[in-house]
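Asks: What follows is upload18.cif; its format and atoms are mmCIF, C-alpha atoms (C1' of nucleotides).
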data_work
loop_
_atom_site.label_atom_id
_atom_site.label_comp_id
_atom_site.auth_asym_id
_atom_site.auth_seq_id
_atom_site.Cartn_x
_atom_site.Cartn_y
_atom_site.Cartn_z
CA MET A 1376 -23.53 11.73 37.53
CA ARG A 1377 -24.05 13.85 34.46
CA ALA A 1378 -25.87 17.12 34.71
CA LEU A 1379 -27.82 18.76 31.96
CA THR A 1380 -26.28 22.18 31.97
CA GLY A 1381 -27.27 24.49 29.22
CA LYS A 1382 -23.76 24.36 27.85
CA ILE A 1383 -23.93 20.92 26.33
CA ASP A 1384 -27.25 21.69 24.73
CA GLU A 1385 -25.71 24.81 23.29
CA VAL A 1386 -22.96 22.68 21.78
CA PHE A 1387 -25.52 20.33 20.28
CA GLU A 1388 -27.41 23.19 18.71
CA PHE A 1389 -24.23 24.77 17.43
CA VAL A 1390 -23.20 21.53 15.78
CA GLN A 1391 -26.60 21.10 14.17
CA LYS A 1392 -26.62 24.63 12.85
CA TYR A 1393 -23.03 24.44 11.63
CA ILE A 1394 -23.61 21.23 9.75
CA LYS A 1395 -26.80 22.53 8.22
CA GLU A 1396 -25.03 25.66 7.04
CA ASN A 1397 -21.72 24.23 5.94
CA GLY A 1398 -22.43 20.65 5.02
CA TYR A 1399 -19.56 19.41 7.16
CA ALA A 1400 -19.00 19.30 10.87
CA PRO A 1401 -17.21 21.89 12.98
CA SER A 1402 -13.86 21.10 14.55
CA VAL A 1403 -13.53 20.98 18.30
CA ARG A 1404 -11.89 24.38 18.31
CA GLU A 1405 -14.57 25.93 16.16
CA ILE A 1406 -17.12 24.72 18.67
CA CYS A 1407 -15.04 26.31 21.41
CA ARG A 1408 -15.23 29.65 19.69
CA GLY A 1409 -18.88 29.28 18.74
CA CYS A 1410 -20.02 28.42 22.25
CA GLU A 1411 -17.47 30.47 24.17
CA ILE A 1412 -15.88 27.46 25.77
CA LYS A 1413 -12.22 27.93 26.53
CA SER A 1414 -10.95 24.39 26.57
CA THR A 1415 -10.98 21.87 23.78
CA ALA A 1416 -11.13 19.17 26.41
CA THR A 1417 -14.51 20.43 27.53
CA VAL A 1418 -15.92 20.27 24.06
CA PHE A 1419 -14.35 16.89 23.56
CA THR A 1420 -16.16 15.59 26.62
CA TYR A 1421 -19.44 17.09 25.47
CA LEU A 1422 -19.18 15.55 22.04
CA ASN A 1423 -18.59 12.13 23.49
CA GLU A 1424 -21.53 12.56 25.80
CA LEU A 1425 -23.79 13.67 22.98
CA ALA A 1426 -22.69 10.58 21.09
CA ASP A 1427 -23.39 8.41 24.13
CA ARG A 1428 -26.85 9.85 24.37
CA GLY A 1429 -27.34 8.98 20.73
CA LEU A 1430 -27.83 12.54 19.60
CA ILE A 1431 -24.89 12.60 17.23
CA ASN A 1432 -22.55 10.17 15.57
CA LYS A 1433 -18.88 10.59 16.24
CA ALA A 1434 -15.86 8.69 14.97
CA ASN A 1435 -12.70 8.53 17.03
CA LEU A 1436 -9.39 10.04 15.97
CA LYS A 1437 -10.82 11.59 12.85
CA ASN A 1438 -11.17 15.27 12.09
CA ARG A 1439 -14.62 16.72 11.87
CA ALA A 1440 -16.03 13.23 11.98
CA VAL A 1441 -19.25 14.22 13.65
CA SER A 1442 -22.59 13.76 11.96
CA LEU A 1443 -26.22 14.11 12.81
CA LYS A 1444 -28.55 11.19 12.92
CA GLN A 1445 -29.82 10.68 9.41
CA ASN A 1446 -33.42 11.60 8.82
CA VAL A 1447 -33.61 10.80 5.15
CA THR A 1448 -33.71 7.62 3.12
CA THR A 1449 -32.48 7.82 -0.41
CA VAL A 1450 -34.73 5.99 -2.80
CA PRO A 1451 -34.30 5.34 -6.52
CA LEU A 1452 -37.02 6.09 -9.00
CA VAL A 1453 -37.17 2.98 -11.14
CA GLY A 1454 -37.98 3.70 -14.74
CA ILE A 1455 -39.84 1.88 -17.45
CA VAL A 1456 -38.53 -1.59 -17.77
CA ALA A 1457 -37.49 -3.02 -21.08
CA ALA A 1458 -38.80 -6.48 -21.72
CA GLY A 1459 -36.68 -9.18 -20.21
CA GLN A 1460 -34.45 -6.73 -18.36
CA PRO A 1461 -33.95 -7.05 -14.62
CA ILE A 1462 -36.08 -4.41 -12.94
CA PHE A 1463 -33.59 -3.21 -10.38
CA ALA A 1464 -30.60 -2.79 -12.64
CA THR A 1465 -28.85 0.49 -12.05
CA GLU A 1466 -29.60 1.49 -15.61
CA ASN A 1467 -33.27 1.63 -14.68
CA TYR A 1468 -32.65 4.17 -11.93
CA GLU A 1469 -33.86 7.41 -13.40
CA ASP A 1470 -33.25 9.54 -10.35
CA PHE A 1471 -32.84 9.52 -6.60
CA TYR A 1472 -35.17 11.09 -4.06
CA SER A 1473 -34.41 11.73 -0.42
CA LEU A 1474 -37.51 10.88 1.55
CA PRO A 1475 -38.13 11.72 5.19
CA SER A 1476 -37.29 8.62 7.20
CA ASN A 1477 -39.69 9.64 9.94
CA PHE A 1478 -42.38 9.05 7.35
CA PHE A 1479 -41.08 6.26 5.14
CA SER A 1480 -38.91 3.80 6.94
CA GLY A 1481 -37.53 0.41 6.13
CA GLU A 1482 -35.03 -1.18 3.83
CA ASP A 1483 -35.15 -1.77 0.12
CA LEU A 1484 -37.49 0.98 -0.93
CA TYR A 1485 -37.95 2.21 -4.45
CA MET A 1486 -40.28 4.53 -6.31
CA LEU A 1487 -42.41 4.11 -9.41
CA ASN A 1488 -44.36 6.50 -11.56
CA VAL A 1489 -48.08 5.85 -11.56
CA HIS A 1490 -49.57 5.20 -15.00
CA GLY A 1491 -53.24 4.97 -15.82
CA ASP A 1492 -56.19 5.33 -13.52
CA SER A 1493 -56.70 1.81 -12.30
CA MET A 1494 -56.20 2.85 -8.68
CA ILE A 1495 -58.01 6.13 -8.82
CA LYS A 1496 -60.52 5.26 -6.10
CA ILE A 1497 -57.80 5.26 -3.48
CA GLY A 1498 -56.29 8.44 -4.77
CA MET A 1499 -53.49 7.29 -7.04
CA TYR A 1500 -53.32 9.50 -10.06
CA GLU A 1501 -51.33 9.54 -13.27
CA GLY A 1502 -48.00 11.16 -12.53
CA ASP A 1503 -48.00 10.40 -8.82
CA LYS A 1504 -44.99 8.58 -7.54
CA ILE A 1505 -45.52 5.61 -5.28
CA ILE A 1506 -43.08 4.40 -2.69
CA VAL A 1507 -42.68 0.66 -2.74
CA LYS A 1508 -41.09 -1.79 -0.36
CA LYS A 1509 -39.33 -4.58 -2.18
CA GLN A 1510 -40.93 -7.94 -1.33
CA GLU A 1511 -42.10 -10.99 -3.21
CA THR A 1512 -45.06 -11.94 -1.08
CA ALA A 1513 -48.16 -10.08 -0.01
CA ASP A 1514 -51.13 -10.33 2.32
CA ASN A 1515 -54.74 -10.10 1.28
CA GLY A 1516 -55.71 -6.50 0.76
CA ASP A 1517 -52.19 -5.19 0.26
CA ILE A 1518 -51.57 -2.85 -2.60
CA VAL A 1519 -48.83 -4.50 -4.58
CA VAL A 1520 -46.63 -4.00 -7.56
CA ALA A 1521 -46.82 -7.08 -9.78
CA LEU A 1522 -44.92 -8.00 -12.86
CA VAL A 1523 -47.34 -8.86 -15.65
CA ASP A 1524 -46.00 -9.36 -19.16
CA ASP A 1525 -42.70 -7.76 -18.18
CA SER A 1526 -44.30 -4.56 -17.06
CA ALA A 1527 -45.01 -3.33 -13.56
CA THR A 1528 -48.64 -2.93 -12.58
CA VAL A 1529 -50.16 -1.66 -9.34
CA LYS A 1530 -53.25 -3.37 -7.96
CA ARG A 1531 -54.83 -4.55 -4.75
CA PHE A 1532 -53.84 -8.12 -4.00
CA PHE A 1533 -56.06 -11.02 -3.01
CA LYS A 1534 -55.47 -14.75 -2.97
CA ARG A 1535 -58.60 -16.86 -3.14
CA ASP A 1536 -59.12 -20.52 -4.08
CA GLY A 1537 -55.54 -20.86 -5.20
CA LYS A 1538 -55.89 -18.00 -7.64
CA VAL A 1539 -54.31 -14.58 -7.42
CA ILE A 1540 -56.69 -11.69 -7.94
CA LEU A 1541 -55.33 -8.30 -8.88
CA HIS A 1542 -58.09 -5.84 -8.13
CA PRO A 1543 -58.10 -2.37 -9.68
CA GLU A 1544 -59.51 0.37 -7.49
CA ASN A 1545 -61.67 1.69 -10.29
CA ASP A 1546 -65.35 0.79 -10.64
CA GLU A 1547 -65.08 0.64 -14.40
CA MET A 1548 -62.41 -2.03 -14.45
CA ALA A 1549 -62.69 -5.74 -13.80
CA ASP A 1550 -60.46 -7.91 -11.67
CA PHE A 1551 -57.53 -9.73 -13.20
CA VAL A 1552 -57.23 -13.37 -12.23
CA PHE A 1553 -54.00 -15.35 -12.50
CA ASP A 1554 -52.77 -18.74 -11.50
CA ASN A 1555 -49.54 -17.19 -10.49
CA VAL A 1556 -48.07 -13.73 -10.45
CA LYS A 1557 -44.69 -12.33 -9.64
CA ILE A 1558 -44.94 -9.76 -6.87
CA ILE A 1559 -42.09 -7.29 -6.69
CA GLY A 1560 -43.22 -5.00 -3.91
CA LYS A 1561 -45.82 -3.57 -1.60
CA VAL A 1562 -46.91 0.04 -1.90
CA ILE A 1563 -46.31 1.91 1.34
CA GLY A 1564 -46.73 5.49 0.26
CA LEU A 1565 -47.27 8.12 -2.33
CA ILE A 1566 -45.90 11.49 -3.24
CA ARG A 1567 -47.44 14.00 -5.58
CA ASN A 1568 -46.47 17.28 -7.12
CA ILE A 1569 -49.38 19.55 -7.90
CA MET B 122 -7.44 21.52 -21.08
CA ARG B 123 -9.14 19.20 -18.66
CA ALA B 124 -9.80 15.65 -19.62
CA LEU B 125 -12.62 13.52 -18.35
CA THR B 126 -10.74 10.43 -17.39
CA GLY B 127 -12.61 7.81 -15.52
CA LYS B 128 -10.46 8.49 -12.49
CA ILE B 129 -12.06 11.72 -11.46
CA ASP B 130 -15.51 10.22 -11.78
CA GLU B 131 -14.36 7.39 -9.61
CA VAL B 132 -13.29 9.91 -7.00
CA PHE B 133 -16.67 11.62 -7.18
CA GLU B 134 -18.51 8.35 -6.70
CA PHE B 135 -16.24 7.35 -3.86
CA VAL B 136 -16.89 10.63 -2.08
CA GLN B 137 -20.63 10.28 -2.53
CA LYS B 138 -20.66 6.75 -1.24
CA TYR B 139 -18.37 7.56 1.67
CA ILE B 140 -20.48 10.48 2.80
CA LYS B 141 -23.65 8.49 2.47
CA GLU B 142 -22.21 5.70 4.58
CA ASN B 143 -20.34 7.70 7.19
CA GLY B 144 -22.12 11.02 7.38
CA TYR B 145 -18.85 12.90 7.04
CA ALA B 146 -16.44 13.33 4.17
CA PRO B 147 -13.35 11.24 3.46
CA SER B 148 -9.90 12.76 3.86
CA VAL B 149 -7.66 13.19 0.85
CA ARG B 150 -5.66 10.17 1.88
CA GLU B 151 -8.71 8.00 2.36
CA ILE B 152 -9.71 8.85 -1.18
CA CYS B 153 -6.22 7.88 -2.32
CA ARG B 154 -6.65 4.44 -0.82
CA GLY B 155 -10.22 4.04 -1.96
CA CYS B 156 -9.49 4.90 -5.57
CA GLU B 157 -5.97 3.50 -5.76
CA ILE B 158 -4.39 6.86 -6.41
CA LYS B 159 -0.87 7.16 -5.15
CA SER B 160 -0.52 10.88 -4.66
CA THR B 161 -2.50 13.15 -2.41
CA ALA B 162 -1.78 15.94 -4.84
CA THR B 163 -3.73 14.13 -7.53
CA VAL B 164 -6.76 13.78 -5.33
CA PHE B 165 -6.36 17.38 -4.26
CA THR B 166 -6.50 18.48 -7.89
CA TYR B 167 -9.52 16.32 -8.57
CA LEU B 168 -11.44 17.66 -5.60
CA ASN B 169 -10.84 21.22 -6.70
CA GLU B 170 -11.98 20.36 -10.18
CA LEU B 171 -15.13 18.67 -8.91
CA ALA B 172 -15.81 21.80 -6.89
CA ASP B 173 -15.19 23.96 -9.96
CA ARG B 174 -17.66 21.88 -11.88
CA GLY B 175 -20.16 22.42 -9.11
CA LEU B 176 -20.47 18.77 -8.21
CA ILE B 177 -19.25 19.14 -4.66
CA ASN B 178 -18.66 21.89 -2.15
CA LYS B 179 -15.18 22.24 -0.77
CA ALA B 180 -13.71 24.58 1.80
CA ASN B 181 -10.02 25.45 1.73
CA LEU B 182 -7.56 24.51 4.45
CA LYS B 183 -10.10 22.55 6.43
CA ASN B 184 -10.08 18.83 7.06
CA ARG B 185 -12.78 16.74 5.50
CA ALA B 186 -14.56 19.91 4.48
CA VAL B 187 -16.16 18.42 1.42
CA SER B 188 -19.90 18.12 1.06
CA LEU B 189 -22.41 17.13 -1.54
CA LYS B 190 -24.92 19.53 -2.98
CA GLN B 191 -27.96 19.50 -0.76
CA ASN B 192 -30.95 17.63 -2.12
CA VAL B 193 -33.39 18.02 0.72
CA THR B 194 -35.58 20.79 2.05
CA THR B 195 -36.60 20.61 5.65
CA VAL B 196 -40.24 21.44 6.15
CA PRO B 197 -42.23 21.81 9.36
CA LEU B 198 -45.51 20.03 9.90
CA VAL B 199 -47.80 22.72 11.27
CA GLY B 200 -50.26 21.43 13.80
CA ILE B 201 -53.76 22.29 14.77
CA VAL B 202 -54.01 25.96 15.45
CA ALA B 203 -55.56 27.26 18.63
CA ALA B 204 -57.98 30.11 18.10
CA GLY B 205 -56.31 33.45 17.83
CA GLN B 206 -52.80 31.97 17.82
CA PRO B 207 -50.40 32.83 15.02
CA ILE B 208 -50.26 29.89 12.66
CA PHE B 209 -46.54 29.74 12.12
CA ALA B 210 -45.40 30.02 15.70
CA THR B 211 -42.72 27.49 16.51
CA GLU B 212 -45.02 25.95 19.09
CA ASN B 213 -47.25 24.81 16.25
CA TYR B 214 -44.43 22.88 14.60
CA GLU B 215 -45.20 19.29 15.40
CA ASP B 216 -42.36 17.77 13.47
CA PHE B 217 -39.91 18.29 10.66
CA TYR B 218 -39.76 16.36 7.41
CA SER B 219 -36.91 16.34 4.92
CA LEU B 220 -38.41 16.42 1.47
CA PRO B 221 -36.58 15.77 -1.78
CA SER B 222 -35.72 19.16 -3.24
CA ASN B 223 -35.71 17.73 -6.75
CA PHE B 224 -39.41 17.24 -6.20
CA PHE B 225 -40.52 20.05 -3.94
CA SER B 226 -38.57 23.23 -4.41
CA GLY B 227 -38.99 26.77 -3.29
CA GLU B 228 -38.88 28.80 -0.14
CA ASP B 229 -41.27 28.96 2.78
CA LEU B 230 -42.82 25.53 2.57
CA TYR B 231 -44.81 23.88 5.30
CA MET B 232 -46.94 20.80 5.70
CA LEU B 233 -50.46 20.25 6.98
CA ASN B 234 -52.46 17.19 7.86
CA VAL B 235 -55.50 16.68 5.67
CA HIS B 236 -58.78 16.50 7.55
CA GLY B 237 -62.15 15.53 6.11
CA ASP B 238 -62.98 14.53 2.59
CA SER B 239 -63.72 17.85 0.97
CA MET B 240 -60.96 17.38 -1.61
CA ILE B 241 -61.45 13.71 -2.21
CA LYS B 242 -62.07 14.06 -5.93
CA ILE B 243 -58.49 15.14 -6.51
CA GLY B 244 -57.10 12.44 -4.29
CA MET B 245 -56.62 14.16 -0.95
CA TYR B 246 -57.56 11.79 1.80
CA GLU B 247 -57.84 12.04 5.56
CA GLY B 248 -54.39 11.58 7.01
CA ASP B 249 -52.50 12.67 3.93
CA LYS B 250 -50.00 15.43 4.42
CA ILE B 251 -50.03 18.30 1.99
CA ILE B 252 -47.05 20.44 1.13
CA VAL B 253 -47.91 24.10 1.06
CA LYS B 254 -46.10 27.14 -0.21
CA LYS B 255 -46.62 30.14 2.02
CA GLN B 256 -48.37 32.94 0.11
CA GLU B 257 -51.28 35.30 0.67
CA THR B 258 -52.62 35.53 -2.84
CA ALA B 259 -53.81 32.92 -5.31
CA ASP B 260 -54.81 32.51 -8.92
CA ASN B 261 -58.10 31.11 -10.12
CA GLY B 262 -58.05 27.34 -9.91
CA ASP B 263 -55.26 27.10 -7.37
CA ILE B 264 -55.69 24.78 -4.46
CA VAL B 265 -55.22 26.97 -1.44
CA VAL B 266 -55.10 26.86 2.31
CA ALA B 267 -57.43 29.49 3.72
CA LEU B 268 -58.04 30.62 7.23
CA VAL B 269 -61.72 30.42 8.04
CA ASP B 270 -62.84 30.97 11.62
CA ASP B 271 -59.30 30.52 12.85
CA SER B 272 -58.92 27.11 11.32
CA ALA B 273 -57.09 26.10 8.17
CA THR B 274 -59.17 24.73 5.34
CA VAL B 275 -58.10 23.39 1.95
CA LYS B 276 -60.20 24.24 -1.09
CA ARG B 277 -59.93 25.22 -4.73
CA PHE B 278 -59.82 28.98 -5.12
CA PHE B 279 -61.84 31.15 -7.47
CA LYS B 280 -62.48 34.87 -7.51
CA ARG B 281 -65.62 35.94 -9.34
CA ASP B 282 -67.66 39.16 -9.20
CA GLY B 283 -65.66 40.40 -6.28
CA LYS B 284 -66.44 37.34 -4.22
CA VAL B 285 -64.09 34.60 -3.20
CA ILE B 286 -65.32 31.09 -3.86
CA LEU B 287 -63.80 28.19 -2.01
CA HIS B 288 -64.73 25.11 -3.96
CA PRO B 289 -64.58 21.65 -2.36
CA GLU B 290 -63.58 18.85 -4.71
CA ASN B 291 -66.41 16.68 -3.52
CA ASP B 292 -69.70 16.40 -5.41
CA GLU B 293 -71.68 16.26 -2.22
CA MET B 294 -70.47 19.57 -0.92
CA ALA B 295 -71.44 23.06 -1.95
CA ASP B 296 -69.17 26.01 -2.61
CA PHE B 297 -68.38 28.46 0.13
CA VAL B 298 -68.67 32.08 -0.83
CA PHE B 299 -66.99 34.91 1.04
CA ASP B 300 -66.49 38.59 0.62
CA ASN B 301 -62.98 38.19 1.79
CA VAL B 302 -60.79 35.36 2.91
CA LYS B 303 -57.31 35.11 4.34
CA ILE B 304 -55.14 32.89 2.16
CA ILE B 305 -52.13 31.41 3.88
CA GLY B 306 -50.72 29.18 1.18
CA LYS B 307 -50.95 27.28 -2.05
CA VAL B 308 -50.86 23.50 -2.10
CA ILE B 309 -47.99 22.23 -4.20
CA GLY B 310 -47.84 18.60 -3.24
CA LEU B 311 -48.93 15.70 -1.17
CA ILE B 312 -47.38 12.84 0.66
CA ARG B 313 -49.14 9.74 1.93
CA ASN B 314 -48.29 6.81 4.08
CA ILE B 315 -50.29 3.69 3.30
"C1'" DA C 533 10.09 10.13 -33.87
"C1'" DA C 534 10.25 14.44 -31.54
"C1'" DA C 535 7.87 17.97 -29.05
"C1'" DA C 536 4.28 19.57 -26.27
"C1'" DA C 537 0.75 19.01 -23.12
"C1'" DA C 538 -1.62 16.64 -19.60
"C1'" DA C 539 -1.85 13.57 -15.89
"C1'" DT C 540 0.18 11.51 -12.00
"C1'" DC C 541 3.43 11.05 -8.48
"C1'" DA C 542 6.84 11.66 -4.42
"C1'" DA C 543 8.19 14.13 -0.77
"C1'" DA C 544 7.97 17.50 2.39
"C1'" DC C 545 6.02 21.63 5.16
"C1'" DG C 546 3.41 23.86 8.36
"C1'" DT C 547 -1.32 23.63 10.32
"C1'" DT C 548 -5.09 21.87 12.26
"C1'" DT C 549 -6.81 18.31 14.61
"C1'" DG C 550 -8.48 14.82 18.28
"C1'" DT C 551 -6.94 13.40 22.42
"C1'" DT C 552 -4.72 13.07 27.05
"C1'" DC C 553 -3.32 14.44 31.57
"C1'" DC C 554 -3.41 17.33 35.15
"C1'" DT C 555 -4.93 21.49 37.49
"C1'" DA C 556 -8.45 24.97 38.89
"C1'" DA C 557 -12.85 26.54 39.86
"C1'" DA C 558 -17.63 25.89 41.00
"C1'" DA C 559 -21.38 23.42 42.89
"C1'" DT C 560 -23.09 20.04 45.92
"C1'" DT C 561 -23.09 17.18 49.87
"C1'" DT C 562 -21.67 16.14 54.40
"C1'" DA D 1286 -17.10 25.00 57.19
"C1'" DA D 1287 -14.94 21.04 55.31
"C1'" DA D 1288 -15.09 17.38 52.09
"C1'" DT D 1289 -16.52 15.69 47.88
"C1'" DT D 1290 -18.11 15.69 43.44
"C1'" DT D 1291 -18.86 17.92 39.21
"C1'" DT D 1292 -17.68 21.07 35.61
"C1'" DA D 1293 -14.37 23.63 33.06
"C1'" DG D 1294 -9.71 25.03 31.72
"C1'" DG D 1295 -4.46 24.92 30.33
"C1'" DA D 1296 -1.01 23.00 28.05
"C1'" DA D 1297 1.05 19.87 25.35
"C1'" DC D 1298 1.57 15.65 22.07
"C1'" DA D 1299 1.40 12.89 18.28
"C1'" DA D 1300 -1.17 11.95 14.43
"C1'" DA D 1301 -3.72 13.33 10.51
"C1'" DC D 1302 -4.49 16.78 7.43
"C1'" DG D 1303 -4.63 20.11 3.23
"C1'" DT D 1304 -1.48 22.13 0.39
"C1'" DT D 1305 2.74 23.23 -2.35
"C1'" DT D 1306 6.61 22.34 -5.30
"C1'" DG D 1307 8.91 20.09 -8.64
"C1'" DA D 1308 9.91 15.84 -10.90
"C1'" DT D 1309 8.23 11.91 -13.69
"C1'" DT D 1310 5.34 9.39 -16.48
"C1'" DT D 1311 1.75 9.05 -19.88
"C1'" DT D 1312 -0.86 10.81 -23.61
"C1'" DT D 1313 -1.57 13.73 -27.45
"C1'" DT D 1314 -0.09 16.56 -31.12
"C1'" DT D 1315 3.15 17.90 -34.51
#
Rewrite the coordinates I just gave you, this time as structure tokens.
Replies:
Amino acid sequence: MRALTGKIDEVFEFVQKYIKENGYAPSVREICRGCEIKSTATVFTYLNELADRGLINKANLKNRAVSLKQNVTTVPLVGIVAAGQPIFATENYEDFYSLPSNFFSGEDLYMLNVHGDSMIKIGMYEGDKIIVKKQETADNGDIVVALVDDSATVKRFFKRDGKVILHPENDEMADFVFDNVKIIGKVIGLIRNI
Amino acid sequence: MRALTGKIDEVFEFVQKYIKENGYAPSVREICRGCEIKSTATVFTYLNELADRGLINKANLKNRAVSLKQNVTTVPLVGIVAAGQPIFATENYEDFYSLPSNFFSGEDLYMLNVHGDSMIKIGMYEGDKIIVKKQETADNGDIVVALVDDSATVKRFFKRDGKVILHPENDEMADFVFDNVKIIGKVIGLIRNI
DNA sequence: AAAAAAATCAAACGTTTGTTCCTAAAATTT
DNA sequence: AAATTTTAGGAACAAACGTTTGATTTTTTT
């Protein structure tokens, strides 16, 4: 039976703090010193228990191979696409942003700069960056990124009577109607610098 | 004279990838294997050079003590404030978000949930989270967080004829005019989950 | 082609490290 | 109070590690 003494929590906090300050994990002996524990075996046991509880990651037989659970997803900002080029080529990655994974989760995310004011009614402004989940299908009402004439456009998606409607959220703009359209993602978020 | 062979860049990329995948840094020998370098001394030299160039952090005499330059700032989401309570008490921290520091930089940031539609004209919607820089003064035109009747409100700030005007960005709402108002921050960004 | 400089390597040294095994103390249960 | 379980410590081992030194190969310059 495992008790929840304050000691193991102290170790957990020490590890968190150490990693945050140094960028790499403490050794078992450094934890000993930091938490006033006299035996490396004790710390060793604690680390394994913290790993069992899922609070940290720990590799066996490797030095300082302890890490915290990741809370960021790294997402590329995909730049303007040259005609005919594949969108997700590494050359189109302008930068990388680390987003909070407790806010934006999922695989295959990317970011795009917002251009124009076609989605202004739902608060997407020129210069905003949208977070997009890579997918080639969409449900009615989704906000999607579509590839029209080799350039990426953001609109609300509807499918009606076999036609695809790309609806701008801007009262001064009319719907675009297509027989077919290549969807390259669904917008799941937005980030803005004021 | 230091040359820029492809080898050292390969080492840098390997380290980045390794850390991203494992959460802790590779050892010198793991880099040897990963980059097909036969001598640990070579890798050792490269790591020191990468550190000199400022691309990585490296501690001496410690195992796996290599880390990447931080690219996240951890920011607390400050919750609803009970009357009379200090705003920035730890008890009011509902959660922590890791924001990309290449997008939101600076000290003393916090986040707030957006309530109401008083700033709808500049694209701040109910449920959005705003990123705020802690400060007690503001310039004309800034979007600020002010403390009115013990609750935090977001408005555009103007000072005119000795009065403070808090201006909602919503055509249906009138300005609020005060003799004095406690400013607790300036809005520098926004993040939305759709 | 020779000389100089830079890059890479091989081998070894002394630490630091994770881990194990067993003992000792403290807390809990009987 | 004795027995049992839990928690912590001591000591040691073998492996992995960062680092140093000096030689060797490759590249560049003369």
Asks: Residues near Asp282 of chain B, anyone? I mean within 10 Å using all atoms listed in the file, not counting same-chain ones fewer than 3 positions away, as a PyMOL selection string.
Replies: chain B and resi 285-286+300
Asks: I'd like to know which of B:Arg174, B:Lys179, B:Ile252, B:Glu151 is closest to Val199 of chain B, using all atoms listed in the file.
Replies: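 Counting all atoms listed in the file, the residue closest to Val199 of chain B is B:Ile252.
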Asks: With a distance cut-off of 12 Å and all atoms listed in the file, select the neighbouring residues of DA1300 of chain D, excluding the residue or stretch itself and same-chain residues fewer than 5 positions from it, and output the selection as a PDB file with C-alpha atoms (C1' of nucleotides), keeping the file's coordinate frame.
Replies:
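Done, and the output landed in part31.pdb:
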ATOM      1  CA  LEU A1436      -9.390  10.040  15.970  1.00  0.00           C
ATOM      2  CA  LYS A1437     -10.820  11.590  12.850  1.00  0.00           C
ATOM      3  CA  ASN A1438     -11.170  15.270  12.090  1.00  0.00           C
TER       4      ASN A1438
ATOM      5  C1'  DT C 548      -5.090  21.870  12.260  1.00  0.00           C
ATOM      6  C1'  DT C 549      -6.810  18.310  14.610  1.00  0.00           C
ATOM      7  C1'  DG C 550      -8.480  14.820  18.280  1.00  0.00           C
ATOM      8  C1'  DT C 551      -6.940  13.400  22.420  1.00  0.00           C
TER       9       DT C 551
END
Asks: What would the selection look like, as a PDB file with C-alpha atoms, keeping the file's coordinate frame, if the PyMOL selection byres ((chain A) within 7 of (chain D)) were run on the coordinates I just shared?
Replies:
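Output (out_11.pdb):
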ATOM      1  CA  LYS A1413     -12.220  27.930  26.530  1.00  0.00           C
ATOM      2  CA  SER A1414     -10.950  24.390  26.570  1.00  0.00           C
ATOM      3  CA  THR A1417     -14.510  20.430  27.530  1.00  0.00           C
TER       4      THR A1417
END
Asks: Just so the selection is clear, what residues does the PyMOL selection byres ((chain A) within 6 of (chain B)) cover here, as a list of chain:residue names?
Replies: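 Answer for the PyMOL selection byres ((chain A) within 6 of (chain B)): A:Gly1398, A:Tyr1399, A:Ala1440, A:Ser1442, A:Tyr1472, A:Ser1473, A:Leu1474, A:Pro1475, A:Gly1498, A:Ile1563, A:Gly1564, A:Leu1565, A:Ile1566, A:Arg1567, A:Asn1568, A:Ile1569.
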Asks: Of the candidates C:DA544, C:DT560, C:DT555, C:DA539, which shows the shortest atom-to-atom distance to chain B, using only C-alpha atoms (C1' of nucleotides)?
Replies: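 Residue with the minimum atom-to-atom distance to chain B: C:DA539.
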Asks: Please identify all residues of chain C having at least one atom at most 12 Å from any atom of chain B, considering all atoms listed in the file, and return them as a PyMOL selection string.
Replies: chain C and resi 537-543+546-549
Asks: What does the structure give for the distance between atom CA of Gly1481 of chain A and atom CA of Pro1451 of chain A, in Å to one decimal?
Replies: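 Spanning atom CA of Gly1481 of chain A to atom CA of Pro1451 of chain A is a straight-line distance of 14.0 Å.
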Asks: For a test of reading the model, state the distance in Å between atom CA of Val235 of chain B and atom CA of Gly200 of chain B, rounded to one decimal.
Replies: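 A separation of 10.8 Å between them.
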Asks: What gap, in Å, lies between atom CA of Ile1431 of chain A and atom CA of Ala172 of chain B?
Replies: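 So the answer is 27.4 Å.
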Asks: Any idea what's packed within 6 Å of segment 1508-1511 of chain A, counting only C-alpha atoms (C1' of nucleotides), ignoring anything in its chain fewer than 2 positions away? Could you give it as a list of chain:residue names?
Replies: A:Asp1483, A:Leu1484, A:Ile1558, A:Ile1559, A:Gly1560, A:Lys1561
Asks: Applying the PyMOL selection byres ((chain B and resi 155) around 10) to the file I just gave you, which residues come out? Please list them as a PyMOL selection string.
Replies: chain B and resi 131-132+135-136+139+147+149-154+156-158
Asks: Using only C-alpha atoms, which of the listed residues (B:Ile201, B:Asn213, B:Glu293, B:Gly248) sits closest to Asp271 of chain B?
Replies: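 Smallest separation from Asp271 of chain B among the options: B:Ile201.
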